[in-house]
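**Q** Right, I'll just put the structure down here and ask away after.
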Amino acid sequence: MRAGEGGSPGQGGSSAGTGGSDGGPTRSGWWGAAALVVCAVVCAAASVLGYNRLSHWYRPVVLNLSTDSQGNGQQVVLTGSGKHPVRWGVSGYVGQLTVVGPPGGSAEIMLPVPVTQCGAVLAQLHVACGAGGLLTLPSPTEFSWSVAQELSGQGGLQTAAELSLEPSTGAHGAQSVTMAMTDAHPVLCLFPTGRAKLTIAAGGYRYTATFTQFTACDGITAVIGSAGGTPPALELGGIDGVRLTGRAPDGMLQGFTGQVMLNPGGTSVPGGATPVSLKAAGAGLAASLDVKPGGQDLSVMANAATSVTTASGQLVPSQWSREAVVYGPLLGGFVTAFVVAPLGVSVGVLTDALKRWRGPRWPRWFRKKTGDGKKEEGGGKKEARGEH
């Protein structure tokens, strides 16, 4: 009986099921190695997913952004949401207020001109003075003082869907600010605190009134524009110290040149004028623009900033960056125990099997044919040796 042909059927089945006399791994050993490989792959995928999750999880930080740059081109845009509109306010001393913009929308400017002066206003501006001293003026309309007088928002903070502030510096350091907003009806109050002359210019006509003492803005109300639509822009000039404030969940700074302080996260100074995108929980962004003769200061603060993005990327540190000393060893230990170790065992099983492998098990007819061919070849060689 030739090798490979003997043995009972039962013995052959045992060899196929357990690895038999070839010394290789048993069938259960192969299944165990496969299970370890699957476990290692699953744990490796979990490790990658966990790392990505921690690397893209940005917990809120404390934000303090500031700049005192006098260059033109800087712009602050605050954007509200459905639950949290922009809340804004203005107060200070200005020499000029110009209301200009599209035909849709309107702004109300409350003036210190008594309602009894409606006749004089009608005669000089050639517009109707309605009931209660309501004066409808075309856009643009300019209100200018001989000396800077007080300007404030009526009724505290007002709301808008979006607020844009664009400061600029003119000749001899003269400061001006352009305010633009959407879904808003700004109501401002102009009143003198001392001797001053007010000039209203609209539609090519002018009206002048002189004041000698404090006078409240409880007289004529000028309405510029029409109801509904986009409100006109407000241009403040001749500034002698004014503060504009706004609160919103989102903000965008254009042409920003200053420093950004995050806690945690450290301080960064973007190179050159760069855009900065800001987000905060709720209406957590508080912006303040202080404009005075020869200078302007912008600051944006938040106790729960969730995103601060510049041209160089996200500045808010991820959870992984914050706790790398903790997560690094934990992830390394997990990978070592549940990825590297199982793969090592599986590779060992495979290597051992390859070392003990005797080659493929050919069909019996193929082995018989191959054996007969070898015998014939051997007989031919013997005859050849006998002839010599």
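Residue numbering restarts at 1 in every chain; chains get A, B, ... in the order shown in the structure tokens, and ligands count up from 1 in that same order.
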Report as a PyMOL selection string: the residues of stretch 28-223 of chain A with a DSSP assignment of strand (DSSP E or B), based on the backbone of this structure.
**A** chain A and resi 61-67+75-79+86-100+106-110+129+134-137+141-153+158-160+162-169+175-182+187-191+196-202+205-211+221-223
**Q** Just give me the gap between atom CA of A:Ile220 and atom CA of A:Leu135 in Å, one decimal is fine.
**A**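 Atom CA of A:Leu135 lies at a distance of 6.8 Å from atom CA of A:Ile220.
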**Q** Residues near A:Ala273, anyone? I mean within 6 Å using only C-alpha atoms, not counting same-chain ones fewer than 5 positions away, as JSON, numbers by chain.
**A** {"A": [255, 256, 257]}
**Q** Write the residues of the selection above to a file with all heavy atoms, as an mmCIF file, in the first residue's frame.
**A**
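Contents of selection-v8.cif, freshly written:
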```
data_model
loop_
_atom_site.group_PDB
_atom_site.id
_atom_site.type_symbol
_atom_site.label_atom_id
_atom_site.label_comp_id
_atom_site.auth_asym_id
_atom_site.auth_seq_id
_atom_site.Cartn_x
_atom_site.Cartn_y
_atom_site.Cartn_z
ATOM 1 N N GLY A 255 -11.222 91.581 7.389
ATOM 2 C CA GLY A 255 -10.046 92.441 7.492
ATOM 3 C C GLY A 255 -9.548 92.607 8.914
ATOM 4 O O GLY A 255 -9.016 93.658 9.267
ATOM 5 N N PHE A 256 -9.687 91.555 9.725
ATOM 6 C CA PHE A 256 -9.316 91.659 11.141
ATOM 7 C C PHE A 256 -7.802 91.648 11.305
ATOM 8 O O PHE A 256 -7.094 90.812 10.738
ATOM 9 C CB PHE A 256 -9.926 90.501 11.930
ATOM 10 C CG PHE A 256 -9.514 90.459 13.364
ATOM 11 C CD1 PHE A 256 -10.031 91.365 14.270
ATOM 12 C CD2 PHE A 256 -8.596 89.524 13.817
ATOM 13 C CE1 PHE A 256 -9.657 91.331 15.600
ATOM 14 C CE2 PHE A 256 -8.212 89.477 15.136
ATOM 15 C CZ PHE A 256 -8.741 90.392 16.034
ATOM 16 N N THR A 257 -7.295 92.590 12.084
ATOM 17 C CA THR A 257 -5.873 92.636 12.454
ATOM 18 C C THR A 257 -5.799 92.884 13.954
ATOM 19 O O THR A 257 -5.934 94.015 14.407
ATOM 20 C CB THR A 257 -5.127 93.755 11.706
ATOM 21 O OG1 THR A 257 -5.809 95.008 11.927
ATOM 22 C CG2 THR A 257 -5.071 93.485 10.218
#
```
**Q** With only C-alpha atoms as the atoms that count, which of A:Gly265, A:Pro60, A:Pro317, A:Pro114 lies nearest to A:Ala305?
**A**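 Smallest distance to A:Ala305 is found for A:Pro60.
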**Q** Using only C-alpha atoms, which residue out of A:Gln117, A:Ser144, A:Thr267, A:Gln254 lies closest to A:Pro192?
**A**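 Result for the nearest residue to A:Pro192: A:Ser144.
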**Q** DSSP on the backbone: what in stretch 78-133 of chain A comes out helix (DSSP H, G or I), as number ranges by chain?
**A** A: 115-125, 131-133
**Q** Atoms to include: C-alpha atoms. Write the selected residues as a CSV table (one decimal), in the first residue's frame.
**A**
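out39.csv, written as the output of this step:
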```
chain,number,residue,atom,x,y,z
A,115,VAL,CA,-44.4,119.6,17.3
A,116,THR,CA,-45.5,123.3,17.2
A,117,GLN,CA,-42.7,123.8,14.6
A,118,CYS,CA,-44.4,121.6,12.0
A,119,GLY,CA,-45.4,124.6,10.0
A,120,ALA,CA,-41.8,125.9,9.7
A,121,VAL,CA,-40.6,122.4,8.8
A,122,LEU,CA,-43.3,122.1,6.1
A,123,ALA,CA,-42.4,125.5,4.7
A,124,GLN,CA,-38.6,124.7,4.4
A,125,LEU,CA,-38.5,121.0,3.6
A,131,ALA,CA,-50.6,114.0,13.0
A,132,GLY,CA,-48.5,114.0,16.2
A,133,GLY,CA,-45.5,115.6,14.4
```
**Q** Smallest atom-to-atom distance to A:Cys189: which of A:Gly204, A:Gly50, A:Gly170, A:Gly153, using only C-alpha atoms?
**A**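 Nearest candidate to A:Cys189 out of A:Gly204, A:Gly50, A:Gly170, A:Gly153: A:Gly153.
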**Q** Pick the closest to A:Val37 from A:Ala107, A:Ala248, A:Leu350, A:Val300: which is it, counting only C-alpha atoms?
**A**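 Looking at the shortest contact to A:Val37, the residue is A:Leu350.
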**Q** Just how far from atom CA of A:Gly173 is atom CA of A:Gly194, in Å to one decimal?
**A**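 Atom CA of A:Gly173 lies 25.3 Å from atom CA of A:Gly194.
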**Q** Rank nothing, just name the residue among A:Leu134, A:Leu97, A:Val269, A:Leu253 nearest to A:Leu190, using only C-alpha atoms.
**A**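 Among A:Leu134, A:Leu97, A:Val269, A:Leu253, it is A:Leu97 that comes nearest to A:Leu190.
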**Q** Hey, can you check how far atom CA of A:Val326 sits from atom CA of A:Trp57?
**A**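 Taking atom CA of A:Val326 as the start and atom CA of A:Trp57 as the end point, the length is 15.6 Å.
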**Q** Excluding A:Tyr93 and residues on its chain fewer than 6 positions from it, collect all residues at most 10 Å away from it, counting only C-alpha atoms, and give them as a ChimeraX atom specification.
**A** /A:147-152,190-192,236-243,292
**Q** Go ahead and dump the residues you just picked, all heavy atoms, as a short mmCIF file (atom, residue, chain, number, x, y, z; two decimals), in the first residue's frame.
**A**
```cif
data_model
loop_
_atom_site.label_atom_id
_atom_site.label_comp_id
_atom_site.auth_asym_id
_atom_site.auth_seq_id
_atom_site.Cartn_x
_atom_site.Cartn_y
_atom_site.Cartn_z
N VAL A 147 -22.11 121.38 16.61
CA VAL A 147 -21.22 120.75 17.59
C VAL A 147 -21.80 119.36 17.88
O VAL A 147 -23.02 119.21 17.98
CB VAL A 147 -21.13 121.57 18.89
CG1 VAL A 147 -20.21 120.89 19.90
CG2 VAL A 147 -20.65 122.99 18.61
N ALA A 148 -20.93 118.35 18.02
CA ALA A 148 -21.40 116.98 18.26
C ALA A 148 -22.35 116.94 19.44
O ALA A 148 -22.05 117.47 20.52
CB ALA A 148 -20.21 116.05 18.49
N GLN A 149 -23.52 116.30 19.24
CA GLN A 149 -24.52 116.16 20.28
C GLN A 149 -24.87 114.70 20.47
O GLN A 149 -24.41 113.82 19.73
CB GLN A 149 -25.76 116.98 19.92
CG GLN A 149 -25.52 118.48 19.79
CD GLN A 149 -25.06 119.11 21.09
OE1 GLN A 149 -25.60 118.84 22.16
NE2 GLN A 149 -24.03 119.96 21.02
N GLU A 150 -25.70 114.45 21.47
CA GLU A 150 -25.93 113.07 21.89
C GLU A 150 -26.88 112.32 20.95
O GLU A 150 -27.87 112.87 20.47
CB GLU A 150 -26.48 113.03 23.31
CG GLU A 150 -26.47 111.63 23.92
CD GLU A 150 -26.60 111.66 25.43
OE1 GLU A 150 -26.57 112.75 26.03
OE2 GLU A 150 -26.73 110.56 25.99
N LEU A 151 -26.54 111.04 20.73
CA LEU A 151 -27.34 110.12 19.95
C LEU A 151 -27.51 108.84 20.74
O LEU A 151 -26.54 108.32 21.32
CB LEU A 151 -26.67 109.80 18.61
CG LEU A 151 -27.26 108.65 17.79
CD1 LEU A 151 -28.62 109.04 17.21
CD2 LEU A 151 -26.32 108.23 16.67
N SER A 152 -28.71 108.29 20.77
CA SER A 152 -28.93 107.03 21.50
C SER A 152 -30.07 106.26 20.85
O SER A 152 -30.90 106.83 20.15
CB SER A 152 -29.25 107.29 22.97
OG SER A 152 -30.49 107.98 23.10
N LEU A 190 -32.09 111.94 18.75
CA LEU A 190 -31.10 113.01 18.68
C LEU A 190 -31.54 114.15 19.60
O LEU A 190 -32.66 114.64 19.49
CB LEU A 190 -30.99 113.55 17.25
CG LEU A 190 -30.14 112.78 16.23
CD1 LEU A 190 -30.34 113.36 14.84
CD2 LEU A 190 -28.68 112.83 16.61
N PHE A 191 -30.66 114.55 20.51
CA PHE A 191 -31.03 115.69 21.36
C PHE A 191 -29.78 116.45 21.79
O PHE A 191 -28.72 115.87 22.02
CB PHE A 191 -31.82 115.23 22.58
CG PHE A 191 -31.13 114.21 23.43
CD1 PHE A 191 -30.37 114.60 24.52
CD2 PHE A 191 -31.26 112.86 23.16
CE1 PHE A 191 -29.75 113.66 25.32
CE2 PHE A 191 -30.64 111.92 23.95
CZ PHE A 191 -29.88 112.31 25.03
N PRO A 192 -29.90 117.80 21.87
CA PRO A 192 -28.76 118.62 22.26
C PRO A 192 -28.63 118.68 23.78
O PRO A 192 -29.62 118.65 24.51
CB PRO A 192 -29.11 119.98 21.69
CG PRO A 192 -30.60 120.02 21.72
CD PRO A 192 -31.06 118.60 21.50
N LEU A 236 -22.71 107.41 10.63
CA LEU A 236 -22.39 108.32 11.73
C LEU A 236 -21.07 109.01 11.42
O LEU A 236 -20.07 108.35 11.13
CB LEU A 236 -22.27 107.55 13.05
CG LEU A 236 -23.42 106.60 13.41
CD1 LEU A 236 -23.15 105.95 14.76
CD2 LEU A 236 -24.75 107.32 13.39
N GLY A 237 -21.05 110.34 11.48
CA GLY A 237 -19.84 111.11 11.21
C GLY A 237 -19.64 112.17 12.26
O GLY A 237 -20.50 112.41 13.12
N GLY A 238 -18.50 112.85 12.19
CA GLY A 238 -18.20 113.89 13.18
C GLY A 238 -18.24 113.33 14.59
O GLY A 238 -18.73 113.99 15.51
N ILE A 239 -17.71 112.15 14.76
CA ILE A 239 -17.86 111.43 16.04
C ILE A 239 -16.96 112.02 17.11
O ILE A 239 -15.77 112.28 16.89
CB ILE A 239 -17.54 109.93 15.83
CG1 ILE A 239 -18.60 109.30 14.91
CG2 ILE A 239 -17.48 109.19 17.15
CD1 ILE A 239 -18.32 107.86 14.54
N ASP A 240 -17.55 112.22 18.28
CA ASP A 240 -16.79 112.70 19.44
C ASP A 240 -16.92 111.69 20.58
O ASP A 240 -17.06 112.04 21.74
CB ASP A 240 -17.31 114.08 19.88
CG ASP A 240 -16.39 114.72 20.91
OD1 ASP A 240 -15.19 114.38 20.93
OD2 ASP A 240 -16.88 115.54 21.71
N GLY A 241 -16.91 110.41 20.21
CA GLY A 241 -17.02 109.33 21.19
C GLY A 241 -18.38 108.66 21.11
O GLY A 241 -19.39 109.24 21.52
N VAL A 242 -18.43 107.45 20.54
CA VAL A 242 -19.68 106.72 20.43
C VAL A 242 -19.38 105.23 20.62
O VAL A 242 -18.30 104.75 20.25
CB VAL A 242 -20.35 106.98 19.06
CG1 VAL A 242 -19.54 106.37 17.92
CG2 VAL A 242 -21.77 106.44 19.02
N ARG A 243 -20.33 104.53 21.19
CA ARG A 243 -20.20 103.09 21.40
C ARG A 243 -21.37 102.38 20.73
O ARG A 243 -22.53 102.74 20.94
CB ARG A 243 -20.17 102.75 22.88
CG ARG A 243 -20.38 101.26 23.17
CD ARG A 243 -20.12 100.90 24.60
NE ARG A 243 -18.69 100.84 24.87
CZ ARG A 243 -18.17 100.31 25.98
NH1 ARG A 243 -18.96 99.80 26.91
NH2 ARG A 243 -16.87 100.29 26.15
N LYS A 292 -13.69 106.97 18.77
CA LYS A 292 -13.40 108.28 19.33
C LYS A 292 -12.48 109.02 18.37
O LYS A 292 -11.91 108.41 17.45
CB LYS A 292 -12.73 108.14 20.70
CG LYS A 292 -11.53 107.22 20.72
CD LYS A 292 -11.05 106.97 22.13
CE LYS A 292 -9.84 106.03 22.15
NZ LYS A 292 -10.17 104.68 21.64
#
```
**Q** Between A:Leu198, A:Leu234, A:Leu244, A:Ala209, which has the minimum distance to A:Val291 (counting only C-alpha atoms)?
**A**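 Going through A:Leu198, A:Leu234, A:Leu244, A:Ala209 one by one, the smallest distance to A:Val291 is for A:Leu244.
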**Q** Report the closest atom pair, with its distance in Å rounded to one decimal, for each residue of stretch 81-124 of chain A that has an atom no farther than 10 Å from stretch 278-282 of chain A; count only C-alpha atoms, sort by chain and then rising residue number, and write it as JSON lines.
**A**
```
{"residue": "A:Ser81", "atom": "CA", "partner": "A:Gly282", "partner_atom": "CA", "distance": 9.1}
{"residue": "A:Lys83", "atom": "CA", "partner": "A:Gly282", "partner_atom": "CA", "distance": 8.4}
{"residue": "A:His84", "atom": "CA", "partner": "A:Gly282", "partner_atom": "CA", "distance": 6.7}
{"residue": "A:Pro85", "atom": "CA", "partner": "A:Gly282", "partner_atom": "CA", "distance": 9.9}
```
